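Novice: Attaching a single structure in structure tokens format; questions to follow.
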Protein chains: 2
Amino acid sequence: MPNVYRALGDSTRRHILSMLKQGSKTQKEIVEAFDISQPAIKKHLNILLEEKIISESLNGKYRIYSINLYTLQIAYHEMLQYIGELLDDQLVSLKDYVEKGEFRDEEK
Amino acid sequence: MPNVYRALGDSTRRHILSMLKQGSKTQKEIVEAFDISQPAIKKHLNILLEEKIISESLNGKYRIYSINLYTLQIAYHEMLQYIGELLDDQLVSLKDYVEKGEFRDEEK
DNA sequence: TTTACATATAACCAAACGGTTATGTGAAAA
DNA sequence: TTTTCACATAACCGTTTGGTTATATGTAAA
């Protein structure tokens, strides 16, 4: 039920996740890493919490956030399965396709 | 530049892509497969076109849509790679966290 | 030429998004 | 106890999203 598209559909949230992959962070640490307000960050954290991509714990007056590895793994496999179904009719493996590197020059 | 999260972030659009994987379809065929109005479908098709996930061609009064396999593969690869990187690094830092024990009680 | 059909477009609506400022709350420090 | 600090919450704002209905346009069929 977690909507990974919603969760990852914003670059600030992806940036937050990239921070959290290094280890748990307090809300304060996250807020200080961005140029937007504390309530704006809190809204992003709430969306990540709703979609169960991160989890929250309390430590005194601090709120600590960490990546929910389990949900990300589920999302990863669901997406792999979906893209597999979409693409296998064309007998082209995504992995093979990407490894050929045919697309790298085209992106700008 | 295509925004894969935007393109794939709606289940109607993912369903449309699942239809198009079987082969090109006219707008009429797509509209008939859903319970929503023709203008609503057209909006979804426009978003998929903007993000270059599908392409459009004309045949008389019909408008024919087909999957842009190339862009779709790149798009999914980017998403999966991003999640994959989050998972791999998190495994490492989770291990670090366990080995270090609690370190967050002291404010400096 | 008239009619029917596939599609486009405009106007509207409610809800969600991403941000703001202002202010309340609760724990820790002084 | 008083103050400070981390965070929560409320109210507001402009834009986007996902849908609607009504209507215009362009091609094909009668």
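All residue names refer to the structure tokens as shown: chains lettered A, B, ... in order, residues numbered from 1 in each chain, ligands numbered from 1 in order.
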Show me which bits of chain A are within 7 Å of chain C, counting only C-alpha atoms (C1' of nucleotides), as an NGL selection string.

Specialist: :A and (40 or 60-61)

Novice: Show me, as a PDB file with N, CA and C atoms (P, O5', C5', C4', C3', O3' and C1' of nucleotides), in the first residue's frame, the residues of chain D whose atoms get within 12 Å of chain B, using only C-alpha atoms (C1' of nucleotides) for the distance check.

Specialist:
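Result file is iface-v6.pdb:
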```pdb
ATOM      1  P    DT D  16       1.732  25.034 -12.339  1.00  0.00           P
ATOM      2  O5'  DT D  16       1.229  23.588 -11.862  1.00  0.00           O
ATOM      3  C5'  DT D  16       1.965  22.924 -10.846  1.00  0.00           C
ATOM      4  C4'  DT D  16       1.254  21.635 -10.485  1.00  0.00           C
ATOM      5  C3'  DT D  16       0.750  20.836 -11.696  1.00  0.00           C
ATOM      6  O3'  DT D  16       1.199  19.497 -11.510  1.00  0.00           O
ATOM      7  C1'  DT D  16      -0.998  21.145 -10.140  1.00  0.00           C
ATOM      8  P    DT D  17       0.912  18.328 -12.578  1.00  0.00           P
ATOM      9  O5'  DT D  17      -0.333  17.577 -11.911  1.00  0.00           O
ATOM     10  C5'  DT D  17      -0.263  17.187 -10.553  1.00  0.00           C
ATOM     11  C4'  DT D  17      -1.557  16.499 -10.167  1.00  0.00           C
ATOM     12  C3'  DT D  17      -2.148  15.598 -11.265  1.00  0.00           C
ATOM     13  O3'  DT D  17      -2.475  14.367 -10.661  1.00  0.00           O
ATOM     14  C1'  DT D  17      -3.777  17.089 -10.470  1.00  0.00           C
ATOM     15  P    DG D  18      -2.635  13.037 -11.475  1.00  0.00           P
ATOM     16  O5'  DG D  18      -4.201  12.778 -11.499  1.00  0.00           O
ATOM     17  C5'  DG D  18      -4.917  12.617 -10.281  1.00  0.00           C
ATOM     18  C4'  DG D  18      -6.382  12.777 -10.573  1.00  0.00           C
ATOM     19  C3'  DG D  18      -6.847  12.122 -11.886  1.00  0.00           C
ATOM     20  O3'  DG D  18      -7.987  11.335 -11.619  1.00  0.00           O
ATOM     21  C1'  DG D  18      -7.588  14.343 -11.770  1.00  0.00           C
ATOM     22  P    DG D  19      -8.516  10.324 -12.735  1.00  0.00           P
ATOM     23  O5'  DG D  19      -9.820  11.098 -13.270  1.00  0.00           O
ATOM     24  C5'  DG D  19     -11.006  10.965 -12.623  1.00  0.00           C
ATOM     25  C4'  DG D  19     -11.812  12.255 -12.560  1.00  0.00           C
ATOM     26  C3'  DG D  19     -12.717  12.582 -13.745  1.00  0.00           C
ATOM     27  O3'  DG D  19     -13.796  11.682 -13.844  1.00  0.00           O
ATOM     28  C1'  DG D  19     -11.885  14.542 -12.697  1.00  0.00           C
ATOM     29  P    DT D  20     -14.678  11.605 -15.164  1.00  0.00           P
ATOM     30  O5'  DT D  20     -15.583  12.940 -15.049  1.00  0.00           O
ATOM     31  C5'  DT D  20     -16.423  13.133 -13.921  1.00  0.00           C
ATOM     32  C4'  DT D  20     -17.051  14.513 -13.996  1.00  0.00           C
ATOM     33  C3'  DT D  20     -17.818  14.791 -15.285  1.00  0.00           C
ATOM     34  O3'  DT D  20     -19.175  14.424 -15.099  1.00  0.00           O
ATOM     35  C1'  DT D  20     -16.358  16.618 -14.770  1.00  0.00           C
ATOM     36  P    DT D  21     -20.052  14.190 -16.389  1.00  0.00           P
ATOM     37  O5'  DT D  21     -20.313  15.673 -16.918  1.00  0.00           O
ATOM     38  C5'  DT D  21     -20.957  16.636 -16.082  1.00  0.00           C
ATOM     39  C4'  DT D  21     -21.096  17.931 -16.856  1.00  0.00           C
ATOM     40  C3'  DT D  21     -21.839  17.803 -18.187  1.00  0.00           C
ATOM     41  O3'  DT D  21     -22.750  18.897 -18.313  1.00  0.00           O
ATOM     42  C1'  DT D  21     -19.684  18.710 -18.576  1.00  0.00           C
ATOM     43  P    DA D  22     -23.786  18.901 -19.535  1.00  0.00           P
ATOM     44  O5'  DA D  22     -23.165  20.014 -20.492  1.00  0.00           O
ATOM     45  C5'  DA D  22     -22.525  21.150 -19.914  1.00  0.00           C
ATOM     46  C4'  DA D  22     -21.901  21.978 -21.031  1.00  0.00           C
ATOM     47  C3'  DA D  22     -22.613  21.878 -22.383  1.00  0.00           C
ATOM     48  O3'  DA D  22     -22.655  23.177 -22.957  1.00  0.00           O
ATOM     49  C1'  DA D  22     -20.367  21.244 -22.640  1.00  0.00           C
ATOM     50  P    DT D  25     -14.560  25.805 -33.911  1.00  0.00           P
ATOM     51  O5'  DT D  25     -13.787  24.502 -34.402  1.00  0.00           O
ATOM     52  C5'  DT D  25     -12.595  24.123 -33.717  1.00  0.00           C
ATOM     53  C4'  DT D  25     -12.126  22.801 -34.289  1.00  0.00           C
ATOM     54  C3'  DT D  25     -12.169  22.733 -35.821  1.00  0.00           C
ATOM     55  O3'  DT D  25     -10.932  22.213 -36.248  1.00  0.00           O
ATOM     56  C1'  DT D  25     -13.234  20.861 -34.877  1.00  0.00           C
ATOM     57  P    DG D  26     -10.409  22.478 -37.763  1.00  0.00           P
ATOM     58  O5'  DG D  26     -10.028  21.016 -38.266  1.00  0.00           O
ATOM     59  C5'  DG D  26      -9.517  20.056 -37.344  1.00  0.00           C
ATOM     60  C4'  DG D  26      -9.809  18.662 -37.850  1.00  0.00           C
ATOM     61  C3'  DG D  26      -9.921  18.566 -39.374  1.00  0.00           C
ATOM     62  O3'  DG D  26      -9.493  17.266 -39.735  1.00  0.00           O
ATOM     63  C1'  DG D  26     -11.901  17.829 -38.449  1.00  0.00           C
ATOM     64  P    DT D  27      -8.574  17.060 -41.055  1.00  0.00           P
ATOM     65  O5'  DT D  27      -8.956  15.568 -41.475  1.00  0.00           O
ATOM     66  C5'  DT D  27      -8.859  14.542 -40.499  1.00  0.00           C
ATOM     67  C4'  DT D  27     -10.010  13.584 -40.658  1.00  0.00           C
ATOM     68  C3'  DT D  27     -10.243  13.091 -42.091  1.00  0.00           C
ATOM     69  O3'  DT D  27      -9.912  11.715 -42.086  1.00  0.00           O
ATOM     70  C1'  DT D  27     -12.289  13.578 -40.968  1.00  0.00           C
ATOM     71  P    DA D  28     -10.181  10.753 -43.345  1.00  0.00           P
ATOM     72  O5'  DA D  28     -11.699  10.309 -43.090  1.00  0.00           O
ATOM     73  C5'  DA D  28     -12.090   9.987 -41.752  1.00  0.00           C
ATOM     74  C4'  DA D  28     -13.203   8.975 -41.759  1.00  0.00           C
ATOM     75  C3'  DA D  28     -13.338   8.172 -43.040  1.00  0.00           C
ATOM     76  O3'  DA D  28     -13.883   6.906 -42.684  1.00  0.00           O
ATOM     77  C1'  DA D  28     -15.165   9.694 -42.838  1.00  0.00           C
TER      78       DA D  28
END
```

Novice: Contacts between chain B and chain A, please, where a residue of chain A counts if it comes within 7 Å (with only C-alpha atoms); show its shortest atom pair and distance in Å to one decimal, rows by chain and ascending number, as JSON lines.

Specialist:
```
{"residue": "A:Tyr5", "atom": "CA", "partner": "B:Gly9", "partner_atom": "CA", "distance": 5.0}
{"residue": "A:Arg6", "atom": "CA", "partner": "B:Gly9", "partner_atom": "CA", "distance": 6.5}
{"residue": "A:Gly9", "atom": "CA", "partner": "B:Tyr5", "partner_atom": "CA", "distance": 5.0}
{"residue": "A:Ser18", "atom": "CA", "partner": "B:Leu86", "partner_atom": "CA", "distance": 6.9}
{"residue": "A:Lys21", "atom": "CA", "partner": "B:Gln90", "partner_atom": "CA", "distance": 5.0}
{"residue": "A:Gln22", "atom": "CA", "partner": "B:Ser93", "partner_atom": "CA", "distance": 6.1}
{"residue": "A:Gly23", "atom": "CA", "partner": "B:Ser93", "partner_atom": "CA", "distance": 5.9}
{"residue": "A:Leu69", "atom": "CA", "partner": "B:Leu87", "partner_atom": "CA", "distance": 6.5}
{"residue": "A:Leu72", "atom": "CA", "partner": "B:Ile83", "partner_atom": "CA", "distance": 7.0}
{"residue": "A:Tyr76", "atom": "CA", "partner": "B:Leu80", "partner_atom": "CA", "distance": 6.5}
{"residue": "A:Leu86", "atom": "CA", "partner": "B:Lys21", "partner_atom": "CA", "distance": 6.0}
{"residue": "A:Leu94", "atom": "CA", "partner": "B:Gln73", "partner_atom": "CA", "distance": 6.4}
```

Novice: Using C-alpha atoms, can you export the residues from the last selection as a CSV table (one decimal), in the first residue's frame?

Specialist:
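To be explicit, this is the file written out as out28.csv:
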```csv
chain,number,residue,atom,x,y,z
A,5,TYR,CA,5.9,7.1,-6.5
A,6,ARG,CA,4.4,9.7,-4.2
A,9,GLY,CA,8.2,12.1,-6.6
A,18,SER,CA,20.0,10.4,0.5
A,21,LYS,CA,21.0,6.6,4.0
A,22,GLN,CA,24.2,7.8,5.8
A,23,GLY,CA,22.4,7.2,9.1
A,69,LEU,CA,14.7,-0.6,4.7
A,72,LEU,CA,12.1,0.2,0.2
A,76,TYR,CA,12.1,-2.2,-5.3
A,86,LEU,CA,6.1,-4.2,-19.3
A,94,LEU,CA,16.6,-3.9,-18.9
```

Novice: Computed after least-squares fitting of chain B to chain A on all C-alpha atoms in order, what is the RMSD in Å?

Specialist: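 Across the paired C-alpha atoms, the RMSD reaches 8.6 Å.
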
Novice: What parts of chain B does DSSP call strand (DSSP E or B)? I'd like the answer as JSON, numbers by chain.

Specialist: {"B": [25, 26, 54, 55, 56, 57, 58, 59, 62, 63, 64, 65, 66, 67]}

Novice: Determine the nearest neighbour of B:Leu45 from the options B:Asn59, B:Ala75, B:Tyr65, B:Glu29, counting only C-alpha atoms.

Specialist: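 Under the stated criterion, the closest residue is B:Tyr65.
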